[in-house]
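A.B. asks: So that you have it, the file is final_0.json, and it contains JSON, C-alpha atoms:
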[["chain", "number", "residue", "atom", "x", "y", "z"],
["S", 1, "MET", "CA", 16.31, -39.70, 11.58],
["S", 2, "PRO", "CA", 19.33, -39.62, 9.27],
["S", 3, "THR", "CA", 22.70, -38.87, 10.86],
["S", 4, "LEU", "CA", 25.95, -37.29, 9.73],
["S", 5, "SER", "CA", 27.32, -40.81, 9.24],
["S", 6, "ASP", "CA", 24.42, -41.69, 6.94],
["S", 7, "VAL", "CA", 25.14, -38.63, 4.76],
["S", 8, "ALA", "CA", 28.84, -39.53, 4.63],
["S", 9, "LYS", "CA", 28.02, -43.11, 3.57],
["S", 10, "VAL", "CA", 25.64, -42.03, 0.76],
["S", 11, "ALA", "CA", 28.07, -39.37, -0.49],
["S", 12, "ASN", "CA", 30.99, -41.80, -0.13],
["S", 13, "VAL", "CA", 33.05, -39.27, 1.84],
["S", 14, "SER", "CA", 34.26, -38.98, 5.42],
["S", 15, "LYS", "CA", 32.19, -37.54, 8.28],
["S", 16, "MET", "CA", 34.81, -34.78, 8.54],
["S", 17, "THR", "CA", 34.14, -33.79, 4.93],
["S", 18, "VAL", "CA", 30.39, -33.64, 5.54],
["S", 19, "SER", "CA", 30.98, -31.52, 8.63],
["S", 20, "ARG", "CA", 33.22, -29.16, 6.68],
["S", 21, "VAL", "CA", 30.64, -28.80, 3.90],
["S", 22, "ILE", "CA", 27.99, -27.88, 6.49],
["S", 23, "ASN", "CA", 30.09, -25.59, 8.68],
["S", 24, "HIS", "CA", 32.76, -24.22, 6.34],
["S", 25, "PRO", "CA", 31.52, -24.65, 2.75],
["S", 26, "GLU", "CA", 34.05, -22.10, 1.47],
["S", 27, "GLN", "CA", 36.85, -24.55, 2.38],
["S", 28, "VAL", "CA", 35.46, -27.32, 0.17],
["S", 29, "THR", "CA", 35.47, -27.70, -3.59],
["S", 30, "GLU", "CA", 32.23, -27.12, -5.45],
["S", 31, "GLU", "CA", 32.21, -30.76, -6.59],
["S", 32, "LEU", "CA", 32.35, -32.03, -3.01],
["S", 33, "ARG", "CA", 29.70, -29.57, -1.88],
["S", 34, "GLU", "CA", 27.31, -30.72, -4.58],
["S", 35, "LEU", "CA", 27.97, -34.36, -3.70],
["S", 36, "VAL", "CA", 27.22, -33.84, -0.02],
["S", 37, "TYR", "CA", 24.22, -31.59, -0.69],
["S", 38, "ALA", "CA", 22.75, -34.26, -2.98],
["S", 39, "ALA", "CA", 23.13, -36.86, -0.23],
["S", 40, "MET", "CA", 21.53, -34.52, 2.32],
["S", 41, "THR", "CA", 18.60, -33.96, -0.01],
["S", 42, "GLU", "CA", 18.19, -37.67, -0.69],
["S", 43, "LEU", "CA", 18.11, -38.45, 3.04],
["S", 44, "ASP", "CA", 16.18, -35.29, 4.00],
["S", 45, "TYR", "CA", 18.99, -34.52, 6.43],
["S", 46, "ARG", "CA", 18.62, -31.16, 8.20],
["S", 47, "PRO", "CA", 21.68, -29.83, 10.04],
["S", 48, "ASN", "CA", 21.16, -28.39, 13.51],
["S", 49, "LYS", "CA", 21.35, -24.64, 12.86],
["S", 50, "VAL", "CA", 22.42, -23.73, 16.39],
["S", 51, "ALA", "CA", 25.15, -26.37, 16.44],
["S", 52, "LYS", "CA", 26.33, -25.18, 13.04],
["S", 53, "ALA", "CA", 26.47, -21.59, 14.27],
["S", 54, "LEU", "CA", 28.50, -22.59, 17.32],
["S", 55, "ALA", "CA", 30.91, -24.56, 15.14],
["S", 56, "GLN", "CA", 31.39, -21.51, 12.92],
["S", 57, "ASN", "CA", 31.67, -19.11, 15.87],
["S", 58, "ARG", "CA", 28.57, -17.24, 14.67],
["S", 59, "THR", "CA", 25.81, -15.42, 16.49],
["S", 60, "LEU", "CA", 22.94, -15.85, 13.99],
["S", 61, "VAL", "CA", 22.29, -12.11, 14.43],
["S", 62, "VAL", "CA", 22.31, -9.43, 11.71],
["S", 63, "LYS", "CA", 22.32, -5.78, 12.70],
["S", 64, "VAL", "CA", 20.36, -3.26, 10.63],
["S", 65, "MET", "CA", 21.24, 0.43, 10.76],
["S", 66, "ILE", "CA", 19.02, 3.23, 9.39],
["S", 67, "LEU", "CA", 21.08, 6.41, 9.11],
["S", 68, "GLU", "CA", 18.38, 8.94, 8.26],
["S", 69, "GLU", "CA", 15.36, 10.35, 10.03],
["S", 70, "LEU", "CA", 12.49, 7.90, 9.95],
["S", 71, "ASP", "CA", 9.84, 10.62, 9.99],
["S", 72, "THR", "CA", 10.74, 11.54, 6.40],
["S", 73, "THR", "CA", 10.73, 7.99, 5.07],
["S", 74, "GLU", "CA", 7.95, 6.03, 6.78],
["S", 75, "PRO", "CA", 6.29, 3.73, 5.76],
["S", 76, "TYR", "CA", 9.05, 3.04, 3.24],
["S", 77, "TYR", "CA", 11.49, 1.51, 5.72],
["S", 78, "MET", "CA", 8.81, -0.57, 7.42],
["S", 79, "ASN", "CA", 8.23, -2.51, 4.20],
["S", 80, "LEU", "CA", 11.98, -2.85, 3.72],
["S", 81, "LEU", "CA", 12.51, -4.16, 7.27],
["S", 82, "ILE", "CA", 9.71, -6.72, 6.91],
["S", 83, "GLY", "CA", 11.39, -8.07, 3.77],
["S", 84, "ILE", "CA", 14.75, -8.26, 5.55],
["S", 85, "ALA", "CA", 13.25, -9.93, 8.61],
["S", 86, "ASN", "CA", 11.40, -12.52, 6.53],
["S", 87, "GLU", "CA", 14.52, -13.63, 4.66],
["S", 88, "LEU", "CA", 16.60, -13.72, 7.84],
["S", 89, "ASN", "CA", 13.94, -15.73, 9.64],
["S", 90, "ASN", "CA", 13.85, -18.25, 6.79],
["S", 91, "ASN", "CA", 17.56, -18.77, 7.40],
["S", 92, "HIS", "CA", 17.28, -18.92, 11.20],
["S", 93, "TYR", "CA", 18.80, -15.47, 11.70],
["S", 94, "ALA", "CA", 17.53, -12.71, 13.98],
["S", 95, "LEU", "CA", 17.34, -9.02, 13.07],
["S", 96, "GLN", "CA", 18.61, -6.44, 15.52],
["S", 97, "LEU", "CA", 17.76, -2.81, 14.74],
["S", 98, "VAL", "CA", 20.42, -0.43, 16.07],
["S", 99, "THR", "CA", 20.73, 3.34, 16.08],
["S", 100, "PRO", "CA", 23.37, 5.14, 14.01],
["S", 101, "TYR", "CA", 24.88, 6.38, 17.27],
["S", 102, "SER", "CA", 25.48, 2.91, 18.69],
["S", 103, "ASN", "CA", 29.12, 2.01, 19.25],
["S", 104, "ASP", "CA", 28.30, -1.68, 19.57],
["S", 105, "ARG", "CA", 29.47, -3.20, 16.30],
["S", 106, "THR", "CA", 30.24, -6.64, 17.72],
["S", 107, "GLU", "CA", 28.15, -9.67, 18.60],
["S", 108, "CYS", "CA", 26.70, -10.11, 15.14],
["S", 109, "ASP", "CA", 27.57, -11.79, 11.85],
["S", 110, "GLY", "CA", 27.04, -8.81, 9.57],
["S", 111, "PHE", "CA", 25.38, -5.46, 8.89],
["S", 112, "ILE", "CA", 22.72, -4.12, 6.55],
["S", 113, "ILE", "CA", 23.01, -0.33, 6.41],
["S", 114, "MET", "CA", 20.70, 2.18, 4.74],
["S", 115, "GLY", "CA", 20.25, 5.92, 4.49],
["S", 116, "MET", "CA", 23.97, 6.56, 3.96],
["S", 117, "ARG", "CA", 25.41, 9.98, 3.17],
["S", 118, "GLU", "CA", 28.86, 10.81, 1.85],
["S", 119, "GLU", "CA", 30.28, 11.34, 5.33],
["S", 120, "ASP", "CA", 29.24, 7.83, 6.45],
["S", 121, "TYR", "CA", 31.31, 5.72, 4.08],
["S", 122, "ALA", "CA", 34.62, 6.25, 5.93],
["S", 123, "TRP", "CA", 33.41, 4.66, 9.18],
["S", 124, "ILE", "CA", 31.43, 1.99, 7.34],
["S", 125, "ALA", "CA", 34.72, 0.90, 5.72],
["S", 126, "GLU", "CA", 36.16, 0.28, 9.19],
["S", 127, "ILE", "CA", 33.54, -2.34, 10.09],
["S", 128, "ASP", "CA", 35.23, -5.74, 10.25],
["S", 129, "LYS", "CA", 32.05, -7.72, 9.51],
["S", 130, "PRO", "CA", 30.33, -8.40, 6.18],
["S", 131, "VAL", "CA", 28.32, -5.35, 5.10],
["S", 132, "VAL", "CA", 25.57, -4.86, 2.52],
["S", 133, "LEU", "CA", 24.12, -1.42, 1.78],
["S", 134, "PHE", "CA", 20.61, -0.60, 0.70],
["S", 135, "GLY", "CA", 21.55, 2.03, -1.83],
["S", 136, "GLU", "CA", 23.89, 2.27, -4.78],
["S", 137, "ASN", "CA", 27.27, 3.81, -3.96],
["S", 138, "ASP", "CA", 30.61, 4.78, -5.47],
["S", 139, "TYR", "CA", 32.80, 3.16, -2.80],
["S", 140, "GLY", "CA", 32.80, -0.51, -3.74],
["S", 141, "PHE", "CA", 30.37, -1.74, -1.07],
["S", 142, "ASN", "CA", 27.97, -4.46, -2.11],
["S", 143, "TYR", "CA", 24.46, -3.05, -2.45],
["S", 144, "VAL", "CA", 20.86, -3.76, -3.38],
["S", 145, "ASP", "CA", 18.68, -0.97, -4.79],
["S", 146, "SER", "CA", 16.19, 0.00, -7.46],
["S", 147, "ASP", "CA", 17.57, 1.15, -10.79],
["S", 148, "ASN", "CA", 17.07, 4.82, -9.94],
["S", 149, "ARG", "CA", 18.21, 6.17, -13.29],
["S", 150, "GLU", "CA", 15.87, 3.84, -15.17],
["S", 151, "GLY", "CA", 12.99, 4.88, -12.92],
["S", 152, "THR", "CA", 13.12, 8.61, -13.62],
["S", 153, "ARG", "CA", 13.89, 7.93, -17.26],
["S", 154, "LYS", "CA", 10.61, 5.98, -17.43],
["S", 155, "ALA", "CA", 8.72, 8.75, -15.65],
["S", 156, "THR", "CA", 10.14, 11.50, -17.85],
["S", 157, "SER", "CA", 9.64, 9.53, -21.04],
["S", 158, "TYR", "CA", 6.01, 8.98, -20.07],
["S", 159, "ALA", "CA", 5.52, 12.73, -19.58],
["S", 160, "ILE", "CA", 7.18, 13.42, -22.94],
["S", 161, "ALA", "CA", 5.03, 10.82, -24.71],
["S", 162, "ASN", "CA", 1.89, 12.46, -23.34],
["S", 163, "GLY", "CA", 2.74, 15.82, -24.78],
["S", 164, "TYR", "CA", 3.46, 17.98, -21.73],
["S", 165, "SER", "CA", 4.86, 21.31, -22.91],
["S", 166, "LYS", "CA", 7.33, 21.65, -20.03],
["S", 167, "ILE", "CA", 8.78, 18.99, -17.72],
["S", 168, "VAL", "CA", 10.46, 20.01, -14.44],
["S", 169, "PHE", "CA", 12.36, 17.70, -12.08],
["S", 170, "ILE", "CA", 11.74, 18.18, -8.35],
["S", 171, "GLY", "CA", 14.69, 16.52, -6.62],
["S", 172, "ILE", "CA", 15.85, 15.79, -3.07],
["S", 173, "ASP", "CA", 18.54, 18.18, -1.86],
["S", 174, "VAL", "CA", 20.99, 15.54, -0.69],
["S", 175, "ASP", "CA", 24.49, 14.50, -1.74],
["S", 176, "ALA", "CA", 23.76, 10.85, -2.42],
["S", 177, "ARG", "CA", 24.29, 8.49, -5.34],
["S", 178, "PHE", "CA", 20.62, 7.51, -5.63],
["S", 179, "GLU", "CA", 19.60, 11.12, -6.12],
["S", 180, "ARG", "CA", 22.29, 11.76, -8.71],
["S", 181, "SER", "CA", 21.10, 8.67, -10.59],
["S", 182, "ARG", "CA", 17.47, 9.85, -10.52],
["S", 183, "GLU", "CA", 18.46, 13.25, -11.86],
["S", 184, "GLN", "CA", 20.58, 11.58, -14.54],
["S", 185, "GLY", "CA", 17.59, 9.55, -15.75],
["S", 186, "TYR", "CA", 15.57, 12.74, -16.12],
["S", 187, "LEU", "CA", 18.40, 14.51, -17.97],
["S", 188, "GLU", "CA", 18.93, 11.60, -20.37],
["S", 189, "ALA", "CA", 15.26, 11.41, -21.34],
["S", 190, "MET", "CA", 14.97, 15.18, -21.80],
["S", 191, "GLU", "CA", 18.17, 15.56, -23.78],
["S", 192, "SER", "CA", 17.22, 12.61, -25.99],
["S", 193, "ALA", "CA", 13.98, 14.43, -26.83],
["S", 194, "GLY", "CA", 15.78, 17.74, -27.35],
["S", 195, "LEU", "CA", 13.86, 19.43, -24.50],
["S", 196, "GLN", "CA", 15.04, 22.09, -22.07],
["S", 197, "THR", "CA", 15.73, 20.84, -18.55],
["S", 198, "GLU", "CA", 15.03, 22.39, -15.15],
["S", 199, "ILE", "CA", 15.91, 20.87, -11.77],
["S", 200, "ILE", "CA", 14.76, 22.22, -8.39],
["S", 201, "ARG", "CA", 15.82, 20.59, -5.12],
["S", 202, "PHE", "CA", 14.32, 20.51, -1.62],
["S", 203, "GLY", "CA", 14.68, 18.50, 1.55],
["S", 204, "ASN", "CA", 12.46, 15.43, 1.40],
["S", 205, "HIS", "CA", 9.46, 17.09, 3.09],
["S", 206, "SER", "CA", 6.16, 17.75, 1.39],
["S", 207, "THR", "CA", 5.89, 21.20, 3.01],
["S", 208, "HIS", "CA", 8.95, 22.42, 1.07],
["S", 209, "SER", "CA", 7.62, 21.44, -2.36],
["S", 210, "ARG", "CA", 4.08, 22.54, -1.44],
["S", 211, "ASN", "CA", 5.17, 26.04, -0.45],
["S", 212, "PHE", "CA", 7.35, 26.47, -3.52],
["S", 213, "ILE", "CA", 4.62, 25.39, -5.94],
["S", 214, "ARG", "CA", 1.93, 27.45, -4.24],
["S", 215, "GLU", "CA", 4.09, 30.58, -4.40],
["S", 216, "ASN", "CA", 5.66, 30.04, -7.84],
["S", 217, "LEU", "CA", 3.15, 28.11, -9.94],
["S", 218, "ALA", "CA", 2.34, 31.20, -11.98],
["S", 219, "HIS", "CA", 5.87, 31.01, -13.42],
["S", 220, "TYR", "CA", 5.09, 27.60, -14.94],
["S", 221, "PRO", "CA", 2.67, 27.38, -17.86],
["S", 222, "LYS", "CA", -0.32, 25.13, -17.66],
["S", 223, "ASP", "CA", 0.50, 21.74, -19.15],
["S", 224, "THR", "CA", 3.74, 21.51, -17.13],
["S", 225, "CYS", "CA", 4.53, 18.10, -15.63],
["S", 226, "PHE", "CA", 6.53, 17.89, -12.38],
["S", 227, "VAL", "CA", 8.60, 14.69, -12.17],
["S", 228, "CYS", "CA", 9.49, 14.21, -8.50],
["S", 229, "SER", "CA", 12.23, 12.24, -6.77],
["S", 230, "SER", "CA", 9.84, 10.96, -4.08],
["S", 231, "ASP", "CA", 6.13, 10.52, -3.49],
["S", 232, "ARG", "CA", 6.50, 12.79, -0.47],
["S", 233, "LEU", "CA", 7.67, 15.66, -2.67],
["S", 234, "ALA", "CA", 4.98, 14.81, -5.23],
["S", 235, "ILE", "CA", 2.24, 15.07, -2.57],
["S", 236, "GLY", "CA", 3.56, 18.52, -1.72],
["S", 237, "VAL", "CA", 3.41, 19.49, -5.38],
["S", 238, "THR", "CA", -0.20, 18.34, -5.82],
["S", 239, "THR", "CA", -1.20, 20.18, -2.64],
["S", 240, "GLY", "CA", 0.57, 23.34, -3.80],
["S", 241, "ILE", "CA", -1.19, 23.15, -7.18],
["S", 242, "ARG", "CA", -4.56, 22.91, -5.43],
["S", 243, "GLN", "CA", -3.78, 25.75, -3.01],
["S", 244, "ALA", "CA", -2.76, 27.92, -5.99],
["S", 245, "GLY", "CA", -6.26, 27.44, -7.41],
["S", 246, "MET", "CA", -5.29, 24.92, -10.10],
["S", 247, "ARG", "CA", -5.90, 21.21, -10.58],
["S", 248, "ALA", "CA", -3.97, 18.05, -11.34],
["S", 249, "PRO", "CA", -4.22, 16.47, -13.83],
["S", 250, "GLU", "CA", -6.42, 19.00, -15.65],
["S", 251, "ASP", "CA", -3.91, 21.87, -15.47],
["S", 252, "TYR", "CA", -0.63, 20.26, -14.37],
["S", 253, "GLY", "CA", 0.83, 16.77, -14.22],
["S", 254, "VAL", "CA", 2.69, 15.22, -11.26],
["S", 255, "ILE", "CA", 4.72, 11.99, -11.12],
["S", 256, "GLY", "CA", 6.21, 10.58, -7.90],
["S", 257, "PHE", "CA", 8.81, 7.96, -7.05],
["S", 258, "ASP", "CA", 8.57, 5.12, -4.48],
["S", 259, "GLY", "CA", 5.07, 3.66, -4.69],
["S", 260, "VAL", "CA", 4.82, 2.76, -1.01],
["S", 261, "PHE", "CA", 1.45, 3.83, 0.47],
["S", 262, "LEU", "CA", 1.83, 7.62, 0.08],
["S", 263, "ASP", "CA", 1.03, 7.43, -3.63],
["S", 264, "GLN", "CA", -2.37, 5.93, -2.81],
["S", 265, "ILE", "CA", -3.46, 8.39, -0.11],
["S", 266, "SER", "CA", -2.61, 11.43, -2.24],
["S", 267, "GLU", "CA", -5.46, 13.39, -3.80],
["S", 268, "PRO", "CA", -5.41, 12.76, -6.67],
["S", 269, "LYS", "CA", -3.72, 9.37, -6.43],
["S", 270, "LEU", "CA", -0.21, 9.63, -7.80],
["S", 271, "THR", "CA", 1.22, 8.34, -11.01],
["S", 272, "THR", "CA", 4.51, 7.04, -9.64],
["S", 273, "ILE", "CA", 7.59, 4.90, -10.12],
["S", 274, "LYS", "CA", 6.97, 1.92, -7.86],
["S", 275, "GLN", "CA", 9.83, 0.14, -6.13],
["S", 276, "ASP", "CA", 9.37, -3.43, -4.90],
["S", 277, "VAL", "CA", 10.67, -2.47, -1.46],
["S", 278, "TYR", "CA", 9.72, -5.75, 0.21],
["S", 279, "LYS", "CA", 11.65, -7.72, -2.42],
["S", 280, "ILE", "CA", 14.60, -5.34, -2.08],
["S", 281, "GLY", "CA", 14.62, -6.05, 1.67],
["S", 282, "GLU", "CA", 14.63, -9.79, 1.10],
["S", 283, "SER", "CA", 17.52, -9.42, -1.34],
["S", 284, "CYS", "CA", 19.53, -7.27, 1.09],
["S", 285, "ALA", "CA", 19.35, -10.12, 3.60],
["S", 286, "ALA", "CA", 20.05, -12.80, 0.97],
["S", 287, "VAL", "CA", 23.15, -11.00, -0.32],
["S", 288, "LEU", "CA", 24.48, -10.48, 3.21],
["S", 289, "LEU", "CA", 23.96, -14.15, 4.10],
["S", 290, "GLU", "CA", 25.83, -15.11, 0.95],
["S", 291, "LYS", "CA", 28.73, -12.89, 2.01],
["S", 292, "ILE", "CA", 28.68, -14.47, 5.47],
["S", 293, "ASN", "CA", 28.61, -18.04, 4.13],
["S", 294, "TYR", "CA", 31.09, -17.49, 1.29],
["S", 295, "PRO", "CA", 33.50, -14.76, 2.39],
["S", 296, "ASP", "CA", 35.85, -15.29, -0.56],
["S", 297, "LYS", "CA", 33.13, -15.29, -3.21],
["S", 298, "GLU", "CA", 32.70, -12.27, -5.48],
["S", 299, "ILE", "CA", 29.18, -11.00, -4.86],
["S", 300, "GLU", "CA", 27.29, -9.05, -7.53],
["S", 301, "ASN", "CA", 25.21, -5.97, -6.75],
["S", 302, "ILE", "CA", 21.48, -6.05, -7.49],
["S", 303, "ALA", "CA", 19.44, -3.25, -9.08],
["S", 304, "PHE", "CA", 15.72, -3.97, -9.46],
["S", 305, "SER", "CA", 13.82, -2.50, -12.38],
["S", 306, "PRO", "CA", 11.07, -0.20, -11.01],
["S", 307, "GLN", "CA", 7.57, -0.06, -12.47],
["S", 308, "LEU", "CA", 5.66, 2.92, -13.82],
["S", 309, "VAL", "CA", 2.20, 2.94, -12.20],
["S", 310, "ILE", "CA", -0.26, 5.26, -13.93],
["S", 311, "ARG", "CA", -2.95, 6.84, -11.76],
["S", 312, "ASN", "CA", -4.81, 10.14, -11.62],
["S", 313, "SER", "CA", -2.14, 12.84, -11.26],
["S", 314, "THR", "CA", -1.25, 12.79, -14.98],
["S", 315, "ARG", "CA", -3.50, 13.05, -18.00],
["S", 316, "VAL", "CA", -3.28, 10.84, -21.04],
["S", 317, "ILE", "CA", -3.52, 12.22, -24.56],
["S", 318, "ASN", "CA", -5.20, 9.90, -27.04],
["S", 319, "LYS", "CA", -3.18, 10.12, -30.22]]
Using the file provided, produce a representation of the structure as structure tokens.
C.D. replies:
Amino acid sequence: MPTLSDVAKVANVSKMTVSRVINHPEQVTEELRELVYAAMTELDYRPNKVAKALAQNRTLVVKVMILEELDTTEPYYMNLLIGIANELNNNHYALQLVTPYSNDRTECDGFIIMGMREEDYAWIAEIDKPVVLFGENDYGFNYVDSDNREGTRKATSYAIANGYSKIVFIGIDVDARFERSREQGYLEAMESAGLQTEIIRFGNHSTHSRNFIRENLAHYPKDTCFVCSSDRLAIGVTTGIRQAGMRAPEDYGVIGFDGVFLDQISEPKLTTIKQDVYKIGESCAAVLLEKINYPDKEIENIAFSPQLVIRNSTRVINK
């Protein structure tokens, strides 16, 4: 098997330089890194990951914190965690899931945090390890997310194009950047079309939206489309429409947001804005590993473009 000395000989550099490229790449010029990486590829040299971690004083552990109640978000976070775990495993890292109340913020190489609220950013800023957030934010933390504004703009534009006479946004009653972005996408599409806007907010529980729709549907004319900030809220809306003696999509339209399982068990199945949650999870891990390996490198945030998936909760007008 090829050795460190073999790589040094092919790259025409010292063993110390090869070791530095492997263990502290941020301390070496890009030209030298490429030279050594080319030699490693040519020889099929594979560094010992554990030895490399020890040399870098690393643990090969990433801690993941979910800061909101899982009963309102499953199975969303399960798909996200599988994506994170897969990317970490491919890079010989282990995932450790910790509670938001844990005081143990040591013995790891970095954090992936999700479900943040405004009050969380102050203590997150005190963490002295690399941090990546799942969720756009206004505080300068690196993040991976869907393009929330684009998503609701797509949903609202679809409702407009299909001739709904009134379009109402059902939002999540939470002070968070993702929700503000989703509402902004709705507002932009409506204002561009010269239509009157209406936003109603609830906690992210289907019972809240169900009860409201069941009790207040008579105030909304038939041919209203409800654009929702989550599939959970959208399921509540479709249930409320049915309990009020009406039907979707024949009488009212409903569009969700997330596209992770709930949209497919709804009756009718939901038209929704689908996020590639598994891919987002992989990217969260990849961005964090890049921050760990290159602490001085400027890392760009990632916003994935979500997809409009058309199913049975909206009608289509043939024009």
A.B. asks: For Asp175 (chain S), please output as a PyMOL selection string all residues within 9 Å (counting only C-alpha atoms; exclusion window: fewer than 4 positions along the same chain).
C.D. replies: chain S and resi 117-118+179-180
A.B. asks: CA of Asp258 (chain S) and CA of Glu282 (chain S) are how many Å apart?
C.D. replies: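 Between these atoms lies a distance of 17.0 Å.
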A.B. asks: What's the 9 Å shell around Ile22 (chain S), counting only C-alpha atoms, without same-chain residues fewer than 4 positions away, as an MDAnalysis selection string?
C.D. replies: chainID S and resid 17:18 33 36:37 47 52
A.B. asks: Show me, as a list in words, the residues that have an atom within 9 Å of Cys228 (chain S) when counting all atoms listed in the file, minus same-chain residues fewer than 5 positions from it.
C.D. replies: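 The filter keeps Thr152, Val168, Phe169, Ile170, Gly171, Ile172, Leu233, Ala234, Val237, Val254, Ile255, Gly256, Phe257 and Thr272 of chain S.
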A.B. asks: So which one's closest to Asn162 (chain S), S:Arg315, S:Lys15, S:His24, S:Arg149? Using all atoms listed in the file, please.
C.D. replies: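 Smallest distance to Asn162 (chain S) is found for S:Arg315.
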A.B. asks: Which residue, S:Thr156, S:Gln275, S:Ser181, S:Ser229, has the smallest gap to Thr314 (chain S) when you use only C-alpha atoms?
C.D. replies: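 Using only C-alpha atoms, the shortest distance to Thr314 (chain S) belongs to S:Thr156.
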A.B. asks: Would you list the contacts of Asp276 (chain S) as a PyMOL selection string, taking every protein, DNA or RNA residue within 9 Å and counting all atoms listed in the file, but skipping same-chain residues closer than 5 positions in sequence?
C.D. replies: chain S and resi 146+258-260+281+304-307
A.B. asks: Write a file of the selected residues as a tab-separated table (two decimals), keeping the file's coordinate frame, keeping C-alpha atoms.
C.D. replies:
chain	number	residue	atom	x	y	z
S	146	SER	CA	16.19	0.00	-7.46
S	258	ASP	CA	8.57	5.12	-4.48
S	259	GLY	CA	5.07	3.66	-4.69
S	260	VAL	CA	4.82	2.76	-1.01
S	281	GLY	CA	14.62	-6.05	1.67
S	304	PHE	CA	15.72	-3.97	-9.46
S	305	SER	CA	13.82	-2.50	-12.38
S	306	PRO	CA	11.07	-0.20	-11.01
S	307	GLN	CA	7.57	-0.06	-12.47
A.B. asks: Hey, could you make a per-residue contact list for region 119-229 of chain S against region 83-96 of chain S with 12 Å as the cut-off, showing the nearest pair of atoms and its distance in Å to one decimal, counting all atoms listed in the file, sorted by chain and number, as a tab-separated table?
C.D. replies:
residue	atom	partner	partner_atom	distance
S:Val132	CA	S:Ile84	CA	11.7
S:Phe134	CA	S:Ile84	CA	10.8
S:Val144	CA	S:Ile84	CA	11.7
A.B. asks: Using only C-alpha atoms, determine which residues lie at most 8 Å from Arg232 (chain S), disregarding the query and same-chain residues fewer than 6 positions distant; provide the list as a PyMOL selection string.
C.D. replies: chain S and resi 204-206+256+262
A.B. asks: Distance CA of Glu188 (chain S)-CA of Ile273 (chain S), one decimal place?
C.D. replies: 16.7 Å
A.B. asks: Have a look at S:Ala159, S:Ala39, S:Ile302, S:Leu60 and name the one nearest to Met190 (chain S); count only C-alpha atoms.
C.D. replies: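 Going through S:Ala159, S:Ala39, S:Ile302, S:Leu60 one by one, the smallest distance to Met190 (chain S) is for S:Ala159.
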A.B. asks: Can you work out which one of S:Ile200, S:Leu270, S:Val98, S:Ala303 has the shortest atom-to-atom distance to Glu150 (chain S), counting all atoms listed in the file?
C.D. replies: S:Ala303
A.B. asks: Have a look at CA of Asp109 (chain S) and CA of Arg46 (chain S) and let me know their distance in Å, one decimal.
C.D. replies: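 Interatomic distance, CA of Asp109 (chain S) to CA of Arg46 (chain S): 21.6 Å.
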A.B. asks: My list of candidates is S:Asn301, S:Ser14, S:Ser157, S:Ser313. Which is closest to Gly135 (chain S) when distances are computed with all atoms listed in the file?
C.D. replies: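 Checking each of S:Asn301, S:Ser14, S:Ser157, S:Ser313 against Gly135 (chain S), counting all atoms listed in the file, the winner is S:Asn301.
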A.B. asks: Pick the closest to Asp145 (chain S) from S:Pro130, S:Gly115, S:Pro2, S:Gly163: which is it, counting only C-alpha atoms?
C.D. replies: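 When distances to Asp145 (chain S) are compared using only C-alpha atoms, the smallest one comes from S:Gly115.
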